[in-house]
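Trainee: Data file target37.txt (compact mmCIF, C-alpha atoms and all ligand atoms) is appended below.
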# COMPACT_ATOMS: atom_id res chain seq x y z
CA MET A 1 -0.05 14.98 -4.76
CA THR A 2 -1.77 15.33 -1.41
CA ILE A 3 -5.46 14.71 -0.89
CA THR A 4 -7.49 17.69 -2.07
CA GLN A 5 -10.69 19.28 -0.76
CA ASP A 6 -11.56 20.62 -4.21
CA SER A 7 -15.10 19.46 -4.99
CA SER A 8 -14.25 19.02 -8.68
CA ALA A 9 -11.95 16.11 -7.75
CA PRO A 10 -13.49 12.61 -7.52
CA LEU A 11 -14.43 11.48 -4.02
CA VAL A 12 -13.11 7.98 -3.32
CA ALA A 13 -14.61 6.23 -0.30
CA VAL A 14 -12.31 3.56 1.11
CA VAL A 15 -13.47 0.70 3.33
CA GLY A 16 -10.77 -0.97 5.44
CA ALA A 17 -8.50 2.07 5.20
CA THR A 18 -6.90 1.25 8.57
CA GLY A 19 -6.03 -2.22 7.25
CA ALA A 20 -3.66 -3.69 4.69
CA GLN A 21 -5.50 -3.38 1.38
CA GLY A 22 -7.58 -0.27 2.10
CA GLY A 23 -4.53 1.51 3.55
CA SER A 24 -2.61 0.68 0.42
CA VAL A 25 -5.44 2.11 -1.69
CA VAL A 26 -5.31 5.43 0.18
CA ARG A 27 -1.51 5.61 -0.12
CA ALA A 28 -1.69 4.83 -3.87
CA LEU A 29 -4.14 7.71 -4.35
CA ILE A 30 -1.90 10.04 -2.32
CA GLU A 31 1.05 9.01 -4.55
CA SER A 32 -0.95 9.82 -7.70
CA ASP A 33 -0.42 13.03 -9.63
CA LYS A 34 -4.20 13.21 -10.06
CA PRO A 35 -6.23 14.99 -7.37
CA TYR A 36 -8.62 12.95 -5.21
CA ARG A 37 -10.87 13.62 -2.30
CA VAL A 38 -10.67 10.65 0.06
CA ARG A 39 -13.17 9.43 2.63
CA ILE A 40 -12.05 6.64 4.92
CA PHE A 41 -14.27 4.37 6.98
CA THR A 42 -13.26 3.00 10.36
CA ARG A 43 -14.91 1.94 13.60
CA ASP A 44 -12.22 3.84 15.51
CA ALA A 45 -10.92 7.15 14.18
CA SER A 46 -8.22 7.27 16.87
CA LYS A 47 -6.30 4.43 15.17
CA PRO A 48 -2.84 5.59 13.98
CA ALA A 49 -3.66 4.73 10.34
CA ALA A 50 -6.87 6.80 10.48
CA LYS A 51 -4.97 9.72 12.00
CA GLU A 52 -2.23 9.43 9.38
CA PHE A 53 -4.79 9.81 6.59
CA THR A 54 -6.88 12.55 8.22
CA SER A 55 -3.69 14.53 8.84
CA LYS A 56 -3.16 14.33 5.07
CA GLY A 57 -6.65 15.64 4.31
CA ALA A 58 -8.88 12.55 4.28
CA GLU A 59 -12.33 12.72 5.81
CA ALA A 60 -12.90 9.97 8.42
CA VAL A 61 -16.40 8.54 8.81
CA VAL A 62 -16.92 6.31 11.82
CA VAL A 63 -19.25 3.49 10.80
CA SER A 64 -19.56 -0.23 11.37
CA ILE A 65 -20.41 -1.95 8.10
CA THR A 66 -22.86 -4.61 9.22
CA VAL A 67 -26.30 -5.57 7.92
CA ASP A 68 -28.05 -4.33 11.07
CA ASN A 69 -26.51 -0.91 10.42
CA LYS A 70 -27.80 -0.49 6.87
CA GLU A 71 -29.03 3.09 7.19
CA ALA A 72 -25.69 4.37 8.49
CA VAL A 73 -23.81 2.48 5.78
CA TYR A 74 -25.96 3.98 3.01
CA LYS A 75 -25.46 7.43 4.50
CA ALA A 76 -21.70 6.90 4.75
CA PHE A 77 -21.50 6.08 1.02
CA GLU A 78 -23.54 9.12 -0.08
CA GLY A 79 -21.73 11.52 -2.41
CA ALA A 80 -18.94 9.08 -3.29
CA ASP A 81 -17.81 8.89 -6.92
CA TYR A 82 -15.92 5.64 -6.36
CA VAL A 83 -15.91 3.07 -3.55
CA PHE A 84 -13.29 0.53 -2.59
CA SER A 85 -14.80 -2.30 -0.55
CA VAL A 86 -13.26 -5.18 1.39
CA THR A 87 -14.56 -7.57 4.03
CA ASN A 88 -12.68 -8.76 7.07
CA TRP A 89 -13.53 -12.45 7.19
CA ALA A 90 -10.79 -13.32 9.68
CA GLU A 91 -12.37 -11.12 12.38
CA HIS A 92 -15.50 -13.31 12.65
CA GLY A 93 -14.84 -16.42 10.51
CA ASP A 94 -18.41 -16.45 9.14
CA PRO A 95 -18.66 -16.67 5.31
CA SER A 96 -22.42 -15.93 5.24
CA ARG A 97 -21.85 -12.74 7.22
CA GLU A 98 -19.03 -11.81 4.84
CA GLU A 99 -21.32 -12.37 1.85
CA ALA A 100 -24.12 -10.29 3.39
CA GLU A 101 -21.76 -7.41 4.21
CA GLY A 102 -20.16 -7.54 0.75
CA LYS A 103 -23.61 -7.37 -0.86
CA LEU A 104 -24.67 -4.56 1.49
CA MET A 105 -21.75 -2.48 0.19
CA VAL A 106 -22.79 -3.17 -3.43
CA ASP A 107 -26.33 -2.01 -2.58
CA ALA A 108 -25.07 1.09 -0.77
CA ALA A 109 -22.74 1.96 -3.67
CA LYS A 110 -25.66 1.55 -6.09
CA ALA A 111 -27.89 3.79 -3.97
CA ALA A 112 -25.11 6.40 -3.92
CA GLY A 113 -24.94 6.26 -7.75
CA VAL A 114 -21.18 5.71 -7.86
CA LYS A 115 -19.22 5.67 -11.12
CA GLY A 116 -17.30 2.62 -10.00
CA LEU A 117 -17.04 0.06 -7.21
CA VAL A 118 -13.75 -1.76 -6.72
CA TRP A 119 -14.15 -4.92 -4.64
CA SER A 120 -11.48 -7.08 -3.05
CA GLY A 121 -12.78 -10.50 -4.08
CA LEU A 122 -11.30 -13.97 -4.50
CA SER A 123 -11.93 -16.79 -6.98
CA SER A 124 -14.27 -19.70 -6.18
CA ILE A 125 -12.09 -22.71 -5.31
CA SER A 126 -15.18 -24.86 -5.79
CA ALA A 127 -15.50 -23.67 -9.41
CA LEU A 128 -11.74 -23.84 -10.03
CA SER A 129 -11.62 -27.44 -8.79
CA GLY A 130 -14.80 -28.55 -10.59
CA GLY A 131 -16.53 -29.06 -7.24
CA LYS A 132 -13.73 -31.12 -5.66
CA TYR A 133 -13.05 -28.55 -2.92
CA PRO A 134 -16.38 -26.88 -2.05
CA ASN A 135 -15.61 -25.85 1.55
CA VAL A 136 -13.36 -22.79 1.26
CA GLY A 137 -16.07 -20.60 2.71
CA HIS A 138 -14.27 -17.26 2.61
CA PHE A 139 -13.37 -17.65 -1.07
CA GLU A 140 -16.89 -18.80 -2.01
CA SER A 141 -18.54 -15.90 -0.16
CA LYS A 142 -16.27 -13.39 -1.90
CA ALA A 143 -16.94 -14.98 -5.30
CA ARG A 144 -20.71 -14.73 -4.65
CA VAL A 145 -20.33 -11.02 -3.86
CA THR A 146 -18.47 -10.65 -7.17
CA GLU A 147 -21.36 -12.28 -9.05
CA TYR A 148 -23.81 -10.02 -7.24
CA GLY A 149 -21.74 -6.92 -7.98
CA ARG A 150 -21.44 -7.80 -11.67
CA ALA A 151 -25.21 -8.24 -11.93
CA SER A 152 -26.01 -5.10 -9.92
CA GLY A 153 -25.70 -2.54 -12.68
CA VAL A 154 -23.01 -0.67 -10.70
CA PRO A 155 -19.75 -0.39 -12.71
CA PHE A 156 -17.85 -3.10 -10.85
CA VAL A 157 -14.27 -4.39 -10.78
CA ASP A 158 -12.99 -7.26 -8.69
CA ILE A 159 -9.32 -6.98 -7.67
CA GLN A 160 -8.09 -10.19 -6.05
CA GLY A 161 -5.12 -10.00 -3.71
CA ALA A 162 -2.53 -12.80 -3.91
CA GLY A 163 -1.23 -14.37 -0.68
CA PHE A 164 0.10 -11.59 1.53
CA THR A 165 3.86 -11.67 2.20
CA SER A 166 3.00 -10.50 5.74
CA SER A 167 1.64 -14.02 6.42
CA LEU A 168 5.29 -14.82 7.13
CA THR A 169 4.79 -13.16 10.52
CA SER A 170 1.48 -14.94 11.24
CA TYR A 171 0.12 -18.29 10.02
CA ALA A 172 3.16 -19.03 7.82
CA LYS A 173 5.74 -18.23 10.47
CA PRO A 174 8.84 -20.49 10.34
CA THR A 175 9.62 -22.68 13.37
CA LYS A 176 12.96 -22.44 15.17
CA THR A 177 14.78 -25.74 14.61
CA GLY A 178 18.30 -24.93 15.84
CA ALA A 179 20.50 -22.19 17.31
CA ASP A 180 20.34 -20.12 14.15
CA SER A 181 18.07 -22.12 11.89
CA TRP A 182 14.38 -22.05 11.04
CA THR A 183 12.06 -24.24 8.97
CA GLN A 184 8.81 -23.22 7.42
CA TYR A 185 6.35 -26.13 7.56
CA PHE A 186 3.55 -25.59 5.09
CA PRO A 187 1.09 -27.76 3.12
CA VAL A 188 2.22 -26.69 -0.38
CA ALA A 189 4.70 -28.46 -2.71
CA SER A 190 8.16 -26.93 -2.31
CA THR A 191 8.46 -26.05 -6.01
CA LYS A 192 4.89 -24.79 -6.61
CA ALA A 193 4.95 -21.16 -7.77
CA MET A 194 2.69 -19.23 -5.39
CA ALA A 195 1.20 -15.81 -6.11
CA ILE A 196 2.36 -13.30 -3.49
CA ILE A 197 1.87 -9.59 -2.86
CA ASP A 198 3.15 -7.06 -0.36
CA ALA A 199 -0.46 -5.97 0.20
CA GLU A 200 0.21 -2.97 2.45
CA HIS A 201 2.72 -1.55 -0.03
CA ASP A 202 1.27 -2.52 -3.39
CA TYR A 203 -2.37 -3.65 -3.51
CA GLY A 204 -3.56 -0.07 -4.09
CA LEU A 205 -1.57 0.17 -7.33
CA TRP A 206 -4.20 -1.93 -9.15
CA VAL A 207 -7.07 0.08 -7.64
CA ARG A 208 -5.43 3.31 -8.75
CA LYS A 209 -4.99 1.85 -12.25
CA ALA A 210 -8.71 0.94 -12.40
CA LEU A 211 -9.70 4.48 -11.37
CA GLU A 212 -7.29 6.14 -13.80
CA LEU A 213 -7.94 4.12 -16.97
CA PRO A 214 -9.78 6.18 -19.61
CA VAL A 215 -12.73 3.76 -19.23
CA PHE A 216 -13.55 2.08 -15.90
CA PRO A 217 -12.94 -1.67 -16.54
CA ASN A 218 -16.47 -2.72 -15.62
CA GLY A 219 -17.01 -6.46 -15.23
CA GLN A 220 -13.34 -7.42 -15.07
CA SER A 221 -11.46 -9.43 -12.44
CA TRP A 222 -7.81 -8.54 -11.89
CA ALA A 223 -5.09 -10.29 -9.92
CA ALA A 224 -2.88 -8.16 -7.65
CA VAL A 225 0.39 -10.11 -7.70
CA GLY A 226 3.95 -8.96 -7.03
CA GLU A 227 5.55 -12.25 -8.05
CA PHE A 228 4.97 -15.97 -8.49
CA ILE A 229 7.56 -17.76 -6.36
CA SER A 230 7.88 -21.24 -4.84
CA PRO A 231 8.03 -21.75 -1.05
CA GLU A 232 11.53 -23.20 -1.43
CA ASP A 233 12.76 -20.07 -3.19
CA GLN A 234 10.96 -17.88 -0.67
CA MET A 235 12.99 -19.46 2.13
CA LYS A 236 16.24 -19.31 0.10
CA GLN A 237 15.75 -15.59 -0.45
CA LEU A 238 14.76 -15.03 3.16
CA ALA A 239 18.06 -16.65 4.14
CA GLU A 240 19.93 -14.31 1.79
CA VAL A 241 18.18 -11.27 3.26
CA THR A 242 18.57 -12.22 6.94
CA GLY A 243 21.77 -14.29 6.98
CA LYS A 244 19.86 -17.01 8.90
CA SER A 245 19.63 -20.65 7.94
CA MET A 246 16.15 -21.11 6.44
CA THR A 247 14.65 -24.28 5.00
CA TYR A 248 11.24 -25.29 3.72
CA ALA A 249 9.42 -28.56 4.51
CA GLU A 250 6.15 -29.58 2.91
CA ILE A 251 3.69 -31.14 5.35
CA THR A 252 0.32 -32.71 4.67
CA PRO A 253 -2.82 -30.56 4.95
CA ASP A 254 -3.87 -32.88 7.80
CA ALA A 255 -0.68 -32.20 9.74
CA PHE A 256 -1.13 -28.45 9.19
CA ALA A 257 -4.76 -28.72 10.28
CA GLN A 258 -3.78 -30.57 13.45
CA GLY A 259 -1.86 -27.50 14.60
CA MET A 260 -4.94 -25.35 13.99
CA GLU A 261 -7.25 -27.82 15.74
CA SER A 262 -5.08 -27.91 18.83
CA ALA A 263 -5.08 -24.09 18.84
CA GLY A 264 -8.92 -24.24 19.04
CA THR A 265 -9.72 -23.12 15.47
CA PRO A 266 -13.39 -23.88 14.58
CA PRO A 267 -13.80 -27.02 12.39
CA HIS A 268 -15.26 -25.16 9.37
CA ILE A 269 -12.19 -22.91 9.24
CA VAL A 270 -9.80 -25.85 9.61
CA LEU A 271 -11.58 -27.54 6.67
CA ALA A 272 -11.48 -24.32 4.63
CA VAL A 273 -7.75 -23.93 5.22
CA LYS A 274 -7.07 -27.57 4.34
CA GLU A 275 -9.03 -27.29 1.11
CA VAL A 276 -7.62 -23.93 0.11
CA PHE A 277 -4.01 -25.11 0.15
CA THR A 278 -4.81 -28.45 -1.50
CA GLY A 279 -7.10 -26.78 -4.04
CA VAL A 280 -4.68 -23.99 -4.92
CA GLY A 281 -1.83 -26.52 -5.18
CA GLU A 282 -3.84 -28.57 -7.68
CA PHE A 283 -5.85 -25.97 -9.57
CA GLY A 284 -4.24 -22.58 -8.96
CA TYR A 285 -5.46 -19.49 -7.10
CA PHE A 286 -7.09 -17.36 -9.79
CA SER A 287 -9.99 -18.26 -12.06
CA LYS A 288 -9.27 -18.26 -15.81
CA ASP A 289 -11.05 -14.94 -16.36
CA THR A 290 -8.82 -13.16 -13.81
CA ILE A 291 -6.36 -10.89 -15.60
CA VAL A 292 -2.81 -11.20 -14.26
CA THR A 293 -0.62 -8.28 -15.25
CA THR A 294 1.51 -5.50 -13.79
CA GLU A 295 1.22 -3.50 -17.00
CA GLY A 296 -0.06 0.03 -16.55
CA LEU A 297 0.71 0.25 -12.82
CA ALA A 298 2.18 3.52 -11.60
CA ARG A 299 5.27 1.66 -10.32
CA LYS A 300 6.53 -1.88 -9.97
CA PRO A 301 5.17 -3.89 -7.05
CA ARG A 302 7.64 -5.45 -4.66
CA THR A 303 9.04 -8.92 -5.28
CA TRP A 304 9.11 -11.41 -2.40
CA LYS A 305 12.73 -10.53 -1.68
CA GLU A 306 12.08 -6.78 -1.67
CA SER A 307 9.07 -7.28 0.57
CA VAL A 308 10.82 -9.40 3.22
CA ALA A 309 13.83 -7.06 3.14
CA ALA A 310 11.49 -4.21 4.11
CA MET A 311 9.52 -6.23 6.69
CA ASP A 312 9.85 -6.12 10.48
CA LEU A 313 10.86 -9.75 11.08
CA SER A 314 11.50 -9.42 14.83
CA SER A 315 8.48 -11.61 15.65
CA VAL A 316 9.75 -14.34 13.30
CA PHE A 317 13.22 -14.51 14.86
CA ALA A 318 12.24 -13.74 18.47
N1 LIG B 401 -3.95 -12.75 4.16
C1 LIG B 401 -3.96 -13.03 2.87
O1 LIG B 401 -3.01 -13.62 2.33
C2 LIG B 401 -5.15 -12.57 2.02
C3 LIG B 401 -5.06 -12.64 0.62
C4 LIG B 401 -6.15 -12.19 -0.15
C5 LIG B 401 -7.29 -11.72 0.47
N2 LIG B 401 -7.35 -11.67 1.85
C6 LIG B 401 -8.60 -11.17 2.46
O2 LIG B 401 -8.36 -9.86 2.92
C7 LIG B 401 -9.43 -9.51 3.82
C8 LIG B 401 -8.90 -8.62 4.91
O3 LIG B 401 -8.36 -7.48 4.32
P1 LIG B 401 -7.07 -6.74 4.90
O4 LIG B 401 -6.04 -7.77 5.30
O5 LIG B 401 -6.74 -5.69 3.93
O6 LIG B 401 -7.69 -6.10 6.20
P2 LIG B 401 -7.04 -5.96 7.66
O7 LIG B 401 -5.65 -5.44 7.56
O8 LIG B 401 -7.26 -7.25 8.39
O9 LIG B 401 -7.96 -4.84 8.29
C9 LIG B 401 -9.35 -5.03 8.38
C10 LIG B 401 -10.02 -3.73 7.99
O10 LIG B 401 -11.43 -3.95 7.93
C11 LIG B 401 -12.08 -2.93 8.67
N3 LIG B 401 -13.31 -3.47 9.23
C12 LIG B 401 -13.48 -4.66 9.81
N4 LIG B 401 -14.73 -4.82 10.22
C13 LIG B 401 -15.39 -3.68 9.89
C14 LIG B 401 -16.73 -3.24 10.07
N5 LIG B 401 -17.66 -3.99 10.67
N6 LIG B 401 -17.05 -2.02 9.61
C15 LIG B 401 -16.13 -1.23 9.02
N7 LIG B 401 -14.85 -1.60 8.83
C16 LIG B 401 -14.49 -2.81 9.27
C17 LIG B 401 -11.10 -2.53 9.75
O11 LIG B 401 -11.38 -1.20 10.13
P3 LIG B 401 -11.42 -0.69 11.66
O12 LIG B 401 -10.88 -1.80 12.53
O13 LIG B 401 -10.55 0.53 11.64
O14 LIG B 401 -12.84 -0.39 11.90
C18 LIG B 401 -9.76 -2.64 9.00
O15 LIG B 401 -9.48 -1.46 8.31
C19 LIG B 401 -9.99 -10.85 4.34
O16 LIG B 401 -11.33 -10.98 3.92
C20 LIG B 401 -9.11 -11.90 3.69
O17 LIG B 401 -9.83 -13.08 3.36
C21 LIG B 401 -6.30 -12.05 2.62
Just give me the structure as structure tokens.

Mentor:
Amino acid sequence: MTITQDSSAPLVAVVGATGAQGGSVVRALIESDKPYRVRIFTRDASKPAAKEFTSKGAEAVVVSITVDNKEAVYKAFEGADYVFSVTNWAEHGDPSREEAEGKLMVDAAKAAGVKGLVWSGLSSISALSGGKYPNVGHFESKARVTEYGRASGVPFVDIQGAGFTSSLTSYAKPTKTGADSWTQYFPVASTKAMAIIDAEHDYGLWVRKALELPVFPNGQSWAAVGEFISPEDQMKQLAEVTGKSMTYAEITPDAFAQGMESAGTPPHIVLAVKEVFTGVGEFGYFSKDTIVTTEGLARKPRTWKESVAAMDLSSVFA
């Protein structure tokens, strides 16, 4: 079904639609056999992803979602039946800004009187670890937005993305170690099952499910996971897909952090990254109340192998 203009169809406003998770949300709604009106937010409507969705009938609203732009944000949310919200921590690296912008979107959704707000949150590593790892700022800020959303009175669902498979082409990129061999050096035990998702392809499946359940699952936290798979098996399967020699080597969080430090990464982010991998390795990624299931999705999400087989890996093997 394409996006409709029929005013009887629910209007879904999607933050981050030009990015991985928001883009996946829009595509999942387009794939649905139910009619939706779709409003996308971007700071630049000339982006290819924005044009792709407007050519399919979405309305693009150009707005920057920041606390000093409150009035425009409230106006942009007006008339929406549902909102999908996400923050882009990596663009500024400031957890308190992320928290403030996440809360701003809850307030704007409340003012718009939406029937449901779906938020891309993450679990508190501090809570998961009983306070042992309190410095994963971008998880803590998202968890605080979740608490705020749950207390806001707006029907609120938190859908937590697993580790993106696309990280293979960025911070988890394997290093060339021989003529036709690569090693991925990463601070996680080789046999630890890690939650992964092809976010661009599949994250929106859970959002669509939340919108299409007979009753909006207010108050719940869901995990968006394609598969749990160890780093060792990830590299084995990558070798099968590419025909290259791929190995995995666990390194210490300190060794991983050294690489980030020498690349000029700010100290609070280096600490956050160190604690997130150590914390997740010891205590897991999702809090106990996060529901992990693929039941009720419109289709199966990709496994690791399916995701890397579909991925442009030219930057990995350049
Ligand atoms: N990488 C992982 O493994 C992983 C796993 C789970 C969760 N996450 C979280 O995912 C989040 C990022 O989501 P993503 O990867 O889906 O996004 P993304 O692909 O990095 O794209 C960012 C999106 O945010 C929008 N945006 C940024 N600043 C904005 C602003 N001021 N006003 C309006 N829109 C703004 C951008 O829109 P325009 O540029 O078009 O304006 C773009 O659509 C991060 O907070 C990260 O912590 C990442």

Trainee: I'd like the neighbourhood of stretch 50-67 of chain A as an mmCIF file with C-alpha atoms, in the coordinates of the input, where a residue qualifies if any of its atoms comes within 7 Å (using only C-alpha atoms), though same-chain residues fewer than 5 positions away should be ignored.

Mentor:
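Generated file (around-v4.cif):
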data_model
loop_
_atom_site.group_PDB
_atom_site.id
_atom_site.type_symbol
_atom_site.label_atom_id
_atom_site.label_comp_id
_atom_site.auth_asym_id
_atom_site.auth_seq_id
_atom_site.Cartn_x
_atom_site.Cartn_y
_atom_site.Cartn_z
ATOM 1 C CA THR A 2 -1.770 15.330 -1.410
ATOM 2 C CA ILE A 3 -5.460 14.710 -0.890
ATOM 3 C CA THR A 4 -7.490 17.690 -2.070
ATOM 4 C CA THR A 18 -6.900 1.250 8.570
ATOM 5 C CA ARG A 37 -10.870 13.620 -2.300
ATOM 6 C CA VAL A 38 -10.670 10.650 0.060
ATOM 7 C CA ARG A 39 -13.170 9.430 2.630
ATOM 8 C CA ILE A 40 -12.050 6.640 4.920
ATOM 9 C CA PHE A 41 -14.270 4.370 6.980
ATOM 10 C CA THR A 42 -13.260 3.000 10.360
ATOM 11 C CA ARG A 43 -14.910 1.940 13.600
ATOM 12 C CA ASP A 44 -12.220 3.840 15.510
ATOM 13 C CA ALA A 45 -10.920 7.150 14.180
ATOM 14 C CA ALA A 72 -25.690 4.370 8.490
ATOM 15 C CA VAL A 73 -23.810 2.480 5.780
ATOM 16 C CA ALA A 76 -21.700 6.900 4.750
ATOM 17 C CA ALA A 100 -24.120 -10.290 3.390
ATOM 18 C CA GLU A 101 -21.760 -7.410 4.210
ATOM 19 C CA LEU A 104 -24.670 -4.560 1.490
#

Trainee: Can you list, as JSON, numbers by chain, every protein, DNA or RNA residue that comes within 12 Å of stretch 241-250 of chain A when you count all atoms listed in the file, leaving out same-chain residues fewer than 3 positions away?

Mentor: {"A": [172, 173, 174, 175, 176, 177, 178, 179, 180, 181, 182, 183, 184, 185, 186, 187, 188, 189, 190, 191, 192, 230, 231, 232, 233, 234, 235, 236, 237, 238, 253, 254, 255, 256, 277, 278, 281, 304, 305, 306, 307, 308, 309, 310, 311, 312, 313, 314, 316, 317]}

Trainee: Taking C-alpha atoms for each residue, export the selection above as a PDB file, in the coordinates of the input.

Mentor:
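Result written to part.pdb:
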ATOM      1  CA  ALA A 172       3.160 -19.030   7.820  1.00  0.00           C
ATOM      2  CA  LYS A 173       5.740 -18.230  10.470  1.00  0.00           C
ATOM      3  CA  PRO A 174       8.840 -20.490  10.340  1.00  0.00           C
ATOM      4  CA  THR A 175       9.620 -22.680  13.370  1.00  0.00           C
ATOM      5  CA  LYS A 176      12.960 -22.440  15.170  1.00  0.00           C
ATOM      6  CA  THR A 177      14.780 -25.740  14.610  1.00  0.00           C
ATOM      7  CA  GLY A 178      18.300 -24.930  15.840  1.00  0.00           C
ATOM      8  CA  ALA A 179      20.500 -22.190  17.310  1.00  0.00           C
ATOM      9  CA  ASP A 180      20.340 -20.120  14.150  1.00  0.00           C
ATOM     10  CA  SER A 181      18.070 -22.120  11.890  1.00  0.00           C
ATOM     11  CA  TRP A 182      14.380 -22.050  11.040  1.00  0.00           C
ATOM     12  CA  THR A 183      12.060 -24.240   8.970  1.00  0.00           C
ATOM     13  CA  GLN A 184       8.810 -23.220   7.420  1.00  0.00           C
ATOM     14  CA  TYR A 185       6.350 -26.130   7.560  1.00  0.00           C
ATOM     15  CA  PHE A 186       3.550 -25.590   5.090  1.00  0.00           C
ATOM     16  CA  PRO A 187       1.090 -27.760   3.120  1.00  0.00           C
ATOM     17  CA  VAL A 188       2.220 -26.690  -0.380  1.00  0.00           C
ATOM     18  CA  ALA A 189       4.700 -28.460  -2.710  1.00  0.00           C
ATOM     19  CA  SER A 190       8.160 -26.930  -2.310  1.00  0.00           C
ATOM     20  CA  THR A 191       8.460 -26.050  -6.010  1.00  0.00           C
ATOM     21  CA  LYS A 192       4.890 -24.790  -6.610  1.00  0.00           C
ATOM     22  CA  SER A 230       7.880 -21.240  -4.840  1.00  0.00           C
ATOM     23  CA  PRO A 231       8.030 -21.750  -1.050  1.00  0.00           C
ATOM     24  CA  GLU A 232      11.530 -23.200  -1.430  1.00  0.00           C
ATOM     25  CA  ASP A 233      12.760 -20.070  -3.190  1.00  0.00           C
ATOM     26  CA  GLN A 234      10.960 -17.880  -0.670  1.00  0.00           C
ATOM     27  CA  MET A 235      12.990 -19.460   2.130  1.00  0.00           C
ATOM     28  CA  LYS A 236      16.240 -19.310   0.100  1.00  0.00           C
ATOM     29  CA  GLN A 237      15.750 -15.590  -0.450  1.00  0.00           C
ATOM     30  CA  LEU A 238      14.760 -15.030   3.160  1.00  0.00           C
ATOM     31  CA  PRO A 253      -2.820 -30.560   4.950  1.00  0.00           C
ATOM     32  CA  ASP A 254      -3.870 -32.880   7.800  1.00  0.00           C
ATOM     33  CA  ALA A 255      -0.680 -32.200   9.740  1.00  0.00           C
ATOM     34  CA  PHE A 256      -1.130 -28.450   9.190  1.00  0.00           C
ATOM     35  CA  PHE A 277      -4.010 -25.110   0.150  1.00  0.00           C
ATOM     36  CA  THR A 278      -4.810 -28.450  -1.500  1.00  0.00           C
ATOM     37  CA  GLY A 281      -1.830 -26.520  -5.180  1.00  0.00           C
ATOM     38  CA  TRP A 304       9.110 -11.410  -2.400  1.00  0.00           C
ATOM     39  CA  LYS A 305      12.730 -10.530  -1.680  1.00  0.00           C
ATOM     40  CA  GLU A 306      12.080  -6.780  -1.670  1.00  0.00           C
ATOM     41  CA  SER A 307       9.070  -7.280   0.570  1.00  0.00           C
ATOM     42  CA  VAL A 308      10.820  -9.400   3.220  1.00  0.00           C
ATOM     43  CA  ALA A 309      13.830  -7.060   3.140  1.00  0.00           C
ATOM     44  CA  ALA A 310      11.490  -4.210   4.110  1.00  0.00           C
ATOM     45  CA  MET A 311       9.520  -6.230   6.690  1.00  0.00           C
ATOM     46  CA  ASP A 312       9.850  -6.120  10.480  1.00  0.00           C
ATOM     47  CA  LEU A 313      10.860  -9.750  11.080  1.00  0.00           C
ATOM     48  CA  SER A 314      11.500  -9.420  14.830  1.00  0.00           C
ATOM     49  CA  VAL A 316       9.750 -14.340  13.300  1.00  0.00           C
ATOM     50  CA  PHE A 317      13.220 -14.510  14.860  1.00  0.00           C
TER      51      PHE A 317
END

Trainee: I'd like the interatomic distance between atom CA of A:Phe156 and atom O12 of ligand LIG 401 (chain B), to a tenth of an Å.

Mentor: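 Answer for the atom CA of A:Phe156 to atom O12 of ligand LIG 401 (chain B) separation: 24.4 Å.
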
Trainee: Which protein, DNA or RNA residues have an atom within 7 Å of ligand LIG 401 (chain B), counting all atoms listed in the file, as a ChimeraX atom specification?

Mentor: /A:15-22,41-44,47,63-66,86-90,122,138,160-164,167

Trainee: So which one's closest to A:Ser221, A:Leu271, A:Ala195, A:Ala263, A:Val118? Using all atoms listed in the file, please.

Mentor: A:Val118

Trainee: Quote the spacing between atom CA of A:Ser123 and atom CA of A:Glu261 in Å to one decimal place.

Mentor: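 Answer for the atom CA of A:Ser123 to atom CA of A:Glu261 separation: 25.7 Å.
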
Trainee: Restricting the calculation to all atoms listed in the file: of A:Asn218, A:Gly264, A:Val136, A:Ile125, which residue gets closest to A:Gly284?

Mentor: A:Ile125

Trainee: Which of these, A:Arg208, A:Thr265, A:Gly116, A:Asp158, has the shortest distance to A:Glu31 once you count all atoms listed in the file?

Mentor: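 Smallest distance to A:Glu31 is found for A:Arg208.
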
Trainee: Every residue with an atom at most 7 Å from (-25.8, -6.5, -5.9) (file coordinates; all atoms listed in the file) is what I'm after, so could you write them as an NGL selection string?

Mentor: :A and (103 or 106-107 or 148-149 or 151-152)

Trainee: In Å, with one decimal, what is the gap from atom CA of A:Gly219 to atom CA of A:Asp81?

Mentor: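 We find that atom CA of A:Gly219 and atom CA of A:Asp81 lie 17.5 Å from each other.
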
Trainee: Go through A:Leu128, A:Val114, A:Val225, A:Val157 and flag the residue nearest A:His201, using all atoms listed in the file for the distances.

Mentor: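 The answer is A:Val225, which sits nearest to A:His201.
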